[in-house]
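As stored in work.cif (mmCIF, C-alpha atoms):
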```cif
data_start
#
loop_
_atom_site.group_PDB
_atom_site.id
_atom_site.type_symbol
_atom_site.label_atom_id
_atom_site.label_comp_id
_atom_site.auth_asym_id
_atom_site.auth_seq_id
_atom_site.Cartn_x
_atom_site.Cartn_y
_atom_site.Cartn_z
ATOM 1 C CA MET A 1 25.380 44.794 45.328
ATOM 2 C CA ILE A 2 27.808 44.615 48.265
ATOM 3 C CA GLU A 3 27.812 48.391 48.569
ATOM 4 C CA MET A 4 24.008 48.482 48.421
ATOM 5 C CA LEU A 5 23.799 45.878 51.190
ATOM 6 C CA GLY A 6 26.468 47.611 53.268
ATOM 7 C CA GLU A 7 24.543 50.884 53.233
ATOM 8 C CA ARG A 8 21.331 49.101 54.244
ATOM 9 C CA PHE A 9 22.756 46.410 56.524
ATOM 10 C CA THR A 10 20.513 47.400 59.456
ATOM 11 C CA TYR A 11 17.378 47.004 57.343
ATOM 12 C CA ALA A 12 18.576 43.598 56.120
ATOM 13 C CA VAL A 13 19.053 42.371 59.702
ATOM 14 C CA ILE A 14 15.642 43.729 60.716
ATOM 15 C CA ILE A 15 14.019 41.936 57.748
ATOM 16 C CA ILE A 16 15.600 38.682 58.980
ATOM 17 C CA LEU A 17 14.258 39.402 62.494
ATOM 18 C CA MET A 18 10.801 39.977 61.005
ATOM 19 C CA MET A 19 11.001 36.654 59.171
ATOM 20 C CA VAL A 20 12.044 34.875 62.397
ATOM 21 C CA GLY A 21 8.885 36.249 64.011
ATOM 22 C CA LEU A 22 6.771 35.251 61.011
ATOM 23 C CA TYR A 23 8.156 31.698 61.123
ATOM 24 C CA ALA A 24 7.445 31.447 64.866
ATOM 25 C CA LEU A 25 3.917 32.670 64.117
ATOM 26 C CA ILE A 26 3.147 30.075 61.427
ATOM 27 C CA ALA A 27 5.186 27.031 62.497
ATOM 28 C CA THR A 28 3.428 26.384 65.782
ATOM 29 C CA GLY A 29 0.029 25.004 66.663
ATOM 30 C CA ASN A 30 0.174 26.416 70.182
ATOM 31 C CA LEU A 31 -1.933 29.577 70.389
ATOM 32 C CA VAL A 32 0.126 31.258 73.156
ATOM 33 C CA LYS A 33 3.339 30.677 71.201
ATOM 34 C CA ARG A 34 1.589 32.090 68.154
ATOM 35 C CA MET A 35 0.879 35.306 70.068
ATOM 36 C CA VAL A 36 4.566 35.371 71.058
ATOM 37 C CA GLY A 37 5.550 35.075 67.384
ATOM 38 C CA LEU A 38 3.179 37.918 66.563
ATOM 39 C CA THR A 39 4.803 40.079 69.284
ATOM 40 C CA ILE A 40 8.298 39.402 67.902
ATOM 41 C CA PHE A 41 7.145 40.166 64.345
ATOM 42 C CA GLN A 42 5.529 43.380 65.571
ATOM 43 C CA THR A 43 8.559 44.554 67.568
ATOM 44 C CA SER A 44 10.762 43.963 64.516
ATOM 45 C CA VAL A 45 8.448 46.097 62.367
ATOM 46 C CA PHE A 46 8.772 48.855 64.989
ATOM 47 C CA LEU A 47 12.557 48.566 64.675
ATOM 48 C CA LEU A 48 12.282 48.941 60.881
ATOM 49 C CA TYR A 49 10.312 52.179 61.232
ATOM 50 C CA ILE A 50 12.567 53.670 63.908
ATOM 51 C CA SER A 51 15.755 52.787 62.030
ATOM 52 C CA MET A 52 14.450 54.707 58.986
ATOM 53 C CA GLY A 53 14.183 57.871 61.090
ATOM 54 C CA LYS A 54 17.784 57.647 62.318
ATOM 55 C CA VAL A 55 20.116 60.411 61.141
ATOM 56 C CA PHE A 56 23.854 59.912 61.661
ATOM 57 C CA GLY A 57 25.258 62.665 63.875
ATOM 58 C CA GLY A 58 21.757 63.741 64.856
ATOM 59 C CA ALA A 59 20.539 64.242 68.407
ATOM 60 C CA PRO A 60 17.333 62.757 69.860
ATOM 61 C CA PRO A 61 14.398 65.014 68.860
ATOM 62 C CA ILE A 62 14.373 67.069 72.068
ATOM 63 C CA LEU A 63 15.023 70.801 71.748
ATOM 64 C CA PRO A 64 17.277 72.538 74.287
ATOM 65 C CA TYR A 65 14.975 74.257 76.778
ATOM 66 C CA TYR A 66 17.092 77.400 77.231
ATOM 67 C CA GLU A 67 17.093 77.966 73.455
ATOM 68 C CA ILE A 68 13.276 77.852 73.359
ATOM 69 C CA LYS A 69 13.107 80.174 76.351
ATOM 70 C CA ASN A 70 15.473 82.731 74.840
ATOM 71 C CA ASP A 71 14.018 82.271 71.352
ATOM 72 C CA SER A 72 17.490 81.414 70.067
ATOM 73 C CA LEU A 73 16.847 78.046 68.389
ATOM 74 C CA ASP A 74 19.702 76.877 66.193
ATOM 75 C CA PRO A 75 18.183 76.142 62.739
ATOM 76 C CA THR A 76 21.234 74.146 61.655
ATOM 77 C CA ALA A 77 21.110 71.661 64.550
ATOM 78 C CA LEU A 78 20.718 68.063 63.375
ATOM 79 C CA TYR A 79 18.043 65.833 64.913
ATOM 80 C CA SER A 80 16.650 62.395 64.174
ATOM 81 C CA ASN A 81 13.206 62.291 62.596
ATOM 82 C CA PRO A 82 10.476 62.510 65.300
ATOM 83 C CA LEU A 83 7.601 61.336 63.072
ATOM 84 C CA PRO A 84 8.374 57.560 63.085
ATOM 85 C CA HIS A 85 8.736 57.778 66.882
ATOM 86 C CA VAL A 86 5.221 59.225 67.182
ATOM 87 C CA LEU A 87 3.728 56.561 64.901
ATOM 88 C CA ILE A 88 5.448 53.723 66.747
ATOM 89 C CA LEU A 89 4.474 55.028 70.204
ATOM 90 C CA THR A 90 0.850 54.712 69.108
ATOM 91 C CA ALA A 91 1.517 51.306 67.536
ATOM 92 C CA ILE A 92 3.132 49.890 70.704
ATOM 93 C CA VAL A 93 0.114 50.753 72.839
ATOM 94 C CA VAL A 94 -2.352 49.446 70.250
ATOM 95 C CA GLY A 95 -0.196 46.314 69.930
ATOM 96 C CA VAL A 96 -0.560 45.575 73.635
ATOM 97 C CA ALA A 97 -4.328 46.117 73.383
ATOM 98 C CA THR A 98 -4.593 43.581 70.543
ATOM 99 C CA LEU A 99 -2.292 41.172 72.422
ATOM 100 C CA ALA A 100 -4.584 41.332 75.493
ATOM 101 C CA MET A 101 -7.611 40.712 73.262
ATOM 102 C CA GLY A 102 -5.964 37.730 71.542
ATOM 103 C CA LEU A 103 -4.858 36.191 74.832
ATOM 104 C CA ALA A 104 -8.365 36.580 76.271
ATOM 105 C CA LEU A 105 -9.655 34.652 73.249
ATOM 106 C CA VAL A 106 -7.009 31.963 73.842
ATOM 107 C CA VAL A 107 -8.094 31.607 77.489
ATOM 108 C CA ARG A 108 -11.734 31.264 76.390
ATOM 109 C CA ILE A 109 -10.731 28.633 73.819
ATOM 110 C CA ARG A 110 -8.923 26.728 76.589
ATOM 111 C CA GLU A 111 -12.075 26.837 78.725
ATOM 112 C CA ALA A 112 -14.287 25.610 75.886
ATOM 113 C CA TYR A 113 -12.004 22.945 74.353
ATOM 114 C CA GLY A 114 -9.532 22.027 77.113
ATOM 115 C CA THR A 115 -6.566 22.534 74.764
ATOM 116 C CA ILE A 116 -4.767 25.349 72.930
ATOM 117 C CA GLU A 117 -3.162 23.247 70.180
ATOM 118 C CA ASP A 118 -4.969 24.085 66.962
ATOM 119 C CA ASP A 119 -4.828 20.496 65.588
ATOM 120 C CA ASP A 120 -6.691 19.240 68.660
ATOM 121 C CA ILE A 121 -9.198 22.091 68.406
ATOM 122 C CA ALA A 122 -9.888 21.264 64.738
ATOM 123 C CA GLU A 123 -10.282 17.590 65.654
ATOM 124 C CA ALA A 124 -12.720 18.426 68.470
ATOM 125 C CA ASP A 125 -14.756 20.557 66.075
ATOM 126 C CA TYR A 126 -14.774 17.714 63.525
ATOM 127 C CA SER A 127 -15.930 15.049 65.976
ATOM 128 C CA LEU A 128 -18.585 17.436 67.279
ATOM 129 C CA GLU A 129 -19.951 17.813 63.768
ATOM 130 C CA LEU A 130 -19.889 14.028 63.274
ATOM 131 C CA GLU A 131 -21.908 13.630 66.483
ATOM 132 C CA LYS A 132 -24.468 16.128 65.247
ATOM 133 C CA GLY A 133 -24.565 14.307 61.925
ATOM 134 C CA VAL A 134 -23.816 17.358 59.802
ATOM 135 C CA MET B 1 34.485 54.905 59.765
ATOM 136 C CA VAL B 2 32.583 52.881 62.336
ATOM 137 C CA ASP B 3 31.610 54.764 65.437
ATOM 138 C CA PHE B 4 31.150 53.133 68.814
ATOM 139 C CA THR B 5 27.347 53.162 69.001
ATOM 140 C CA GLN B 6 27.247 51.300 65.676
ATOM 141 C CA VAL B 7 29.242 48.437 67.234
ATOM 142 C CA PHE B 8 26.760 48.465 70.112
ATOM 143 C CA ASP B 9 23.952 48.123 67.541
ATOM 144 C CA TYR B 10 25.609 45.088 65.953
ATOM 145 C CA VAL B 11 25.838 43.377 69.358
ATOM 146 C CA LEU B 12 22.132 44.061 69.940
ATOM 147 C CA MET B 13 21.260 42.669 66.483
ATOM 148 C CA ALA B 14 23.154 39.436 67.213
ATOM 149 C CA MET B 15 21.419 39.055 70.595
ATOM 150 C CA LEU B 16 17.971 39.696 69.077
ATOM 151 C CA LEU B 17 18.591 37.092 66.360
ATOM 152 C CA ALA B 18 19.774 34.522 68.941
ATOM 153 C CA ILE B 19 16.654 35.104 71.052
ATOM 154 C CA GLY B 20 14.392 34.807 68.001
ATOM 155 C CA VAL B 21 15.909 31.449 67.067
ATOM 156 C CA ALA B 22 15.707 30.267 70.699
ATOM 157 C CA VAL B 23 11.995 31.170 70.848
ATOM 158 C CA ILE B 24 11.376 29.084 67.719
ATOM 159 C CA ARG B 25 13.251 26.064 69.056
ATOM 160 C CA LEU B 26 12.030 26.034 72.674
ATOM 161 C CA LYS B 27 9.016 23.983 73.774
ATOM 162 C CA ASN B 28 8.601 25.308 77.329
ATOM 163 C CA LEU B 29 6.105 28.178 77.273
ATOM 164 C CA PHE B 30 7.507 29.853 80.404
ATOM 165 C CA ALA B 31 10.951 30.127 78.801
ATOM 166 C CA ILE B 32 9.406 31.386 75.557
ATOM 167 C CA VAL B 33 7.414 34.099 77.348
ATOM 168 C CA MET B 34 10.396 35.289 79.403
ATOM 169 C CA LEU B 35 12.598 35.392 76.285
ATOM 170 C CA THR B 36 9.943 37.541 74.616
ATOM 171 C CA GLY B 37 10.325 39.989 77.506
ATOM 172 C CA VAL B 38 14.086 39.976 76.960
ATOM 173 C CA TYR B 39 13.534 40.549 73.228
ATOM 174 C CA SER B 40 11.390 43.608 74.017
ATOM 175 C CA LEU B 41 13.938 44.958 76.497
ATOM 176 C CA LEU B 42 16.816 44.558 74.030
ATOM 177 C CA SER B 43 14.830 46.275 71.309
ATOM 178 C CA ALA B 44 14.103 49.072 73.804
ATOM 179 C CA ALA B 45 17.874 49.455 74.225
ATOM 180 C CA TRP B 46 18.231 49.591 70.448
ATOM 181 C CA PHE B 47 15.469 52.233 70.247
ATOM 182 C CA VAL B 48 17.482 54.425 72.626
ATOM 183 C CA SER B 49 20.565 53.882 70.486
ATOM 184 C CA LEU B 50 18.501 54.937 67.435
ATOM 185 C CA ASP B 51 17.661 58.273 69.181
ATOM 186 C CA ALA B 52 14.063 57.216 69.884
ATOM 187 C CA LEU B 53 14.055 57.864 73.628
ATOM 188 C CA ASP B 54 10.275 57.993 74.088
ATOM 189 C CA VAL B 55 9.814 54.788 72.125
ATOM 190 C CA GLY B 56 12.506 53.139 74.250
ATOM 191 C CA PHE B 57 10.677 54.095 77.463
ATOM 192 C CA THR B 58 7.358 52.880 76.131
ATOM 193 C CA GLU B 59 8.755 49.610 74.810
ATOM 194 C CA ALA B 60 10.516 48.899 78.129
ATOM 195 C CA ALA B 61 7.400 49.672 80.189
ATOM 196 C CA VAL B 62 4.639 48.377 77.924
ATOM 197 C CA GLY B 63 6.414 45.870 75.674
ATOM 198 C CA ALA B 64 8.740 44.270 78.202
ATOM 199 C CA GLY B 65 6.499 44.871 81.241
ATOM 200 C CA VAL B 66 2.786 44.698 80.510
ATOM 201 C CA SER B 67 3.056 42.293 77.541
ATOM 202 C CA THR B 68 5.130 39.841 79.552
ATOM 203 C CA VAL B 69 2.664 39.944 82.454
ATOM 204 C CA LEU B 70 -0.256 39.369 80.057
ATOM 205 C CA LEU B 71 1.526 36.459 78.366
ATOM 206 C CA LEU B 72 2.477 34.928 81.726
ATOM 207 C CA ALA B 73 -1.110 35.177 82.957
ATOM 208 C CA ALA B 74 -2.429 33.587 79.760
ATOM 209 C CA MET B 75 0.197 30.836 80.026
ATOM 210 C CA LEU B 76 -0.804 30.073 83.631
ATOM 211 C CA LEU B 77 -4.470 29.845 82.618
ATOM 212 C CA THR B 78 -3.820 27.588 79.620
ATOM 213 C CA ALA B 79 -0.778 25.297 79.200
ATOM 214 C CA ARG B 80 2.901 25.004 80.169
ATOM 215 C CA ASP B 81 4.345 23.258 77.123
ATOM 216 C CA CYS B 82 3.660 23.247 73.423
ATOM 217 C CA ASP B 83 3.487 20.265 71.086
ATOM 218 C CA HIS B 84 6.146 19.208 68.617
ATOM 219 C CA VAL B 85 5.862 20.852 65.193
ATOM 220 C CA GLY B 86 5.053 18.475 62.334
ATOM 221 C CA ALA B 87 7.276 18.336 59.236
ATOM 222 C CA ALA B 88 4.499 19.533 56.911
ATOM 223 C CA ARG B 89 3.870 22.605 59.016
ATOM 224 C CA HIS B 90 7.609 23.321 59.299
ATOM 225 C CA TRP B 91 8.139 23.264 55.528
ATOM 226 C CA ALA B 92 4.966 25.263 54.842
ATOM 227 C CA ALA B 93 6.055 27.927 57.327
ATOM 228 C CA LEU B 94 9.571 27.952 55.871
ATOM 229 C CA ALA B 95 8.188 28.375 52.336
ATOM 230 C CA VAL B 96 5.980 31.316 53.366
ATOM 231 C CA THR B 97 8.819 32.908 55.354
ATOM 232 C CA VAL B 98 11.365 32.541 52.546
ATOM 233 C CA ALA B 99 8.915 33.918 49.975
ATOM 234 C CA ALA B 100 8.054 36.940 52.153
ATOM 235 C CA GLY B 101 11.735 37.488 53.000
ATOM 236 C CA ALA B 102 12.740 37.290 49.328
ATOM 237 C CA ALA B 103 10.093 39.887 48.449
ATOM 238 C CA LEU B 104 11.355 42.211 51.187
ATOM 239 C CA PHE B 105 14.991 41.754 50.118
ATOM 240 C CA TYR B 106 13.937 42.508 46.531
ATOM 241 C CA ALA B 107 12.544 45.821 47.829
ATOM 242 C CA LEU B 108 15.670 46.548 49.888
ATOM 243 C CA PRO B 109 17.554 48.575 47.209
ATOM 244 C CA ASP B 110 14.618 51.004 47.105
ATOM 245 C CA MET B 111 14.997 51.771 50.808
ATOM 246 C CA PRO B 112 16.791 55.008 51.761
ATOM 247 C CA ILE B 113 20.422 54.716 52.813
ATOM 248 C CA TYR B 114 20.596 54.028 56.552
ATOM 249 C CA GLY B 115 21.311 57.097 58.649
ATOM 250 C CA SER B 116 21.233 59.690 55.880
ATOM 251 C CA GLY B 117 19.347 62.890 56.631
ATOM 252 C CA ASP B 118 18.251 63.907 53.111
ATOM 253 C CA THR B 119 15.960 60.969 52.338
ATOM 254 C CA PRO B 120 12.281 61.729 51.551
ATOM 255 C CA ALA B 121 11.256 60.237 54.903
ATOM 256 C CA ASN B 122 13.642 62.413 56.882
ATOM 257 C CA SER B 123 13.424 65.698 54.977
ATOM 258 C CA GLY B 124 9.641 66.113 54.771
ATOM 259 C CA VAL B 125 6.988 66.626 57.390
ATOM 260 C CA GLY B 126 9.074 65.177 60.245
ATOM 261 C CA MET B 127 11.654 67.942 60.031
ATOM 262 C CA ASP B 128 8.821 70.461 59.640
ATOM 263 C CA TYR B 129 7.530 69.443 63.070
ATOM 264 C CA MET B 130 11.101 69.808 64.332
ATOM 265 C CA MET B 131 11.318 73.398 63.061
ATOM 266 C CA ARG B 132 7.884 74.567 64.165
ATOM 267 C CA THR B 133 7.511 73.032 67.638
ATOM 268 C CA GLY B 134 9.997 75.416 69.218
ATOM 269 C CA GLU B 135 8.283 78.460 67.723
ATOM 270 C CA GLU B 136 4.642 77.448 68.094
ATOM 271 C CA LEU B 137 4.319 75.234 71.162
ATOM 272 C CA PHE B 138 7.443 75.908 73.296
ATOM 273 C CA ILE B 139 7.609 72.216 74.284
ATOM 274 C CA PRO B 140 11.168 70.843 74.273
ATOM 275 C CA ASN B 141 10.194 67.221 73.511
ATOM 276 C CA VAL B 142 9.014 67.235 69.904
ATOM 277 C CA VAL B 143 7.623 63.680 70.056
ATOM 278 C CA THR B 144 5.328 64.686 72.930
ATOM 279 C CA ALA B 145 4.325 67.851 71.105
ATOM 280 C CA VAL B 146 3.333 65.957 67.954
ATOM 281 C CA LEU B 147 1.616 63.185 69.919
ATOM 282 C CA GLY B 148 -0.375 65.423 72.225
ATOM 283 C CA SER B 149 -0.928 68.539 70.147
ATOM 284 C CA TYR B 150 -0.394 68.337 66.386
ATOM 285 C CA ARG B 151 -1.803 64.815 66.131
ATOM 286 C CA GLY B 152 -3.910 64.850 69.291
ATOM 287 C CA PHE B 153 -6.938 63.344 67.536
ATOM 288 C CA ASP B 154 -4.898 60.286 66.556
ATOM 289 C CA THR B 155 -3.904 59.818 70.187
ATOM 290 C CA MET B 156 -7.556 60.107 71.198
ATOM 291 C CA GLY B 157 -8.354 57.376 68.648
ATOM 292 C CA GLU B 158 -5.620 55.260 70.214
ATOM 293 C CA VAL B 159 -7.277 55.694 73.625
ATOM 294 C CA PHE B 160 -10.568 54.526 72.096
ATOM 295 C CA VAL B 161 -8.820 51.433 70.721
ATOM 296 C CA VAL B 162 -7.369 50.619 74.152
ATOM 297 C CA PHE B 163 -10.795 51.156 75.734
ATOM 298 C CA ALA B 164 -12.461 48.897 73.158
ATOM 299 C CA ALA B 165 -9.849 46.206 73.799
ATOM 300 C CA GLY B 166 -10.400 46.531 77.562
ATOM 301 C CA VAL B 167 -14.167 46.161 77.144
ATOM 302 C CA GLY B 168 -13.599 43.190 74.832
ATOM 303 C CA VAL B 169 -11.315 41.437 77.322
ATOM 304 C CA ALA B 170 -13.750 42.122 80.173
ATOM 305 C CA LEU B 171 -16.663 40.691 78.174
ATOM 306 C CA LEU B 172 -14.667 37.619 77.065
ATOM 307 C CA MET B 173 -13.370 36.790 80.528
ATOM 308 C CA GLY B 174 -16.686 37.529 82.237
ATOM 309 C CA LEU B 175 -16.990 40.549 84.500
ATOM 310 C CA GLY B 176 -18.682 39.127 87.592
ATOM 311 C CA GLY B 177 -17.602 35.530 87.260
ATOM 312 C CA GLY B 178 -20.995 33.858 87.782
ATOM 313 C CA LYS B 179 -21.079 30.533 85.971
ATOM 314 C CA ARG B 180 -17.312 30.441 85.473
ATOM 315 C CA ASP B 181 -16.648 30.163 89.209
ATOM 316 C CA GLU B 182 -18.086 26.660 89.305
ATOM 317 C CA GLU B 183 -15.990 25.489 86.362
ATOM 318 C CA ASP B 184 -12.704 27.048 87.444
ATOM 319 C CA VAL B 185 -12.486 25.478 90.881
#
```
Would you mind writing the file out in structure tokens?
Amino acid sequence: MIEMLGERFTYAVIIILMMVGLYALIATGNLVKRMVGLTIFQTSVFLLYISMGKVFGGAPPILPYYEIKNDSLDPTALYSNPLPHVLILTAIVVGVATLAMGLALVVRIREAYGTIEDDDIAEADYSLELEKGV
Amino acid sequence: MVDFTQVFDYVLMAMLLAIGVAVIRLKNLFAIVMLTGVYSLLSAAWFVSLDALDVGFTEAAVGAGVSTVLLLAAMLLTARDCDHVGAARHWAALAVTVAAGAALFYALPDMPIYGSGDTPANSGVGMDYMMRTGEELFIPNVVTAVLGSYRGFDTMGEVFVVFAAGVGVALLMGLGGGKRDEEDV
């Protein structure tokens, strides 16, 4: 058990970071803070992916230019895995796009309701329905 | 044997955890947003330490830069403080978090050993890209080669997603202003 945890200590810490983000996401009624929690959760998931591609003793996945030029690439050279890096590069950019979209929705909600606390928004919706007599 | 960069990683982990807890406890939105920027910057440093140089650049520019600006703008247009969290919500969130965390920790023994090169994730297609880029594309940076050439269609899809999000934001916020100008002043 201790040995298992020792070999995967980084993952364990990243899981705790993910759960911190998840708690921040759920335990607030403020919509901007909820987007912040989502960002923290997301960044921690990126860390989980990147840490899985790490190889001890490996170099960053950039080939030496002179070896490519002279066609003398060393097949035994050790590199970290480039595939998680590619996936996460895409995910970071898409994450910012979704963050912008969510924040635009929050700003519109503020304009329509005058508040960004979800309890107050639910209450406003409820009293609106009472007025209509639904 | 613990090498020096590993110690550096542990320091970063401790700082990230402290910032996460601070974000949960703080009520001032400005402080929360700035700490999120710090969180992104620290994780960018960790990405560099994990050999992911391109991801580190992107996280520092996009995660710590653009995200923080977006969050600051949204904060200025909405509110400066957030309300106190009720006890019911706190315990509900804690229950969900503990359940999800327990499930993830249950799955932890199935994860590959950290830093080993012969795991399925590290010995498959990723290393294939590593071998073939030098012979086929002559681009030193393998991440760029995969992103722009081998998986170029995925990157094009990503551009479409960013475009769709941009159109969505423009439509939500109102392009020309019009009616909103009267309300905003």
Exercise. Just so the selection is clear, what residues does the PyMOL selection byres ((chain B and resi 42) around 9) cover here, as a PyMOL selection string?
Worked result: chain B and resi 12-13+15-16+37-41+43-47+60
Problem set entry | Counting all atoms listed in the file, the option among A:Ala104, A:Leu78, A:Met1, A:Ile14 closest to Gln42 of chain A | A:Ile14
Which residues of segment 31-90 of chain B come within 12 Å of segment 118-127 of chain A, and what is each one's closest atom pair and distance in Å (one decimal), counting all atoms listed in the file, sorted by chain and residue number, as a tab-separated table?
```
residue	atom	partner	partner_atom	distance
B:Cys82	CA	A:Asp118	CA	10.8
B:Asp83	CA	A:Asp119	CA	10.0
B:His84	CA	A:Asp119	CA	11.5
B:Val85	CA	A:Asp119	CA	10.7
B:Gly86	CA	A:Asp119	CA	10.6
B:Arg89	CA	A:Asp119	CA	11.1
```
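Using all atoms listed in the file, the shortest contact distance between Val55 of chain A and any of B:Ala22, B:Leu94, B:Leu108, B:Ala121 is found at B:Ala121.
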For this session: Name every residue that the PyMOL selection byres ((chain A and resi 51) around 10) selects in this structure, writing the answer as a PyMOL selection string with chains first and numbers rising.
Result: (chain A and resi 10-11+14+45-50+52-55+80-81+84-85) or (chain B and resi 46-47+49-52+114-115)
Exercise. Within 12 Å of Ala102 of chain B, counting all atoms listed in the file, which residues qualify if same-chain residues fewer than 5 places away don't, as JSON, numbers by chain?
Worked result: {"A": [12, 15, 16, 19], "B": [94, 95, 96, 97, 107, 108]}
Now that the selection is made, can you save its residues with C-alpha atoms as a PDB file, in the frame of the given file?
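Writing done, so here's result_39.pdb:
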```pdb
ATOM      1  CA  ALA A  12      18.576  43.598  56.120  1.00  0.00           C
ATOM      2  CA  ILE A  15      14.019  41.936  57.748  1.00  0.00           C
ATOM      3  CA  ILE A  16      15.600  38.682  58.980  1.00  0.00           C
ATOM      4  CA  MET A  19      11.001  36.654  59.171  1.00  0.00           C
TER       5      MET A  19
ATOM      6  CA  LEU B  94       9.571  27.952  55.871  1.00  0.00           C
ATOM      7  CA  ALA B  95       8.188  28.375  52.336  1.00  0.00           C
ATOM      8  CA  VAL B  96       5.980  31.316  53.366  1.00  0.00           C
ATOM      9  CA  THR B  97       8.819  32.908  55.354  1.00  0.00           C
ATOM     10  CA  ALA B 107      12.544  45.821  47.829  1.00  0.00           C
ATOM     11  CA  LEU B 108      15.670  46.548  49.888  1.00  0.00           C
TER      12      LEU B 108
END
```
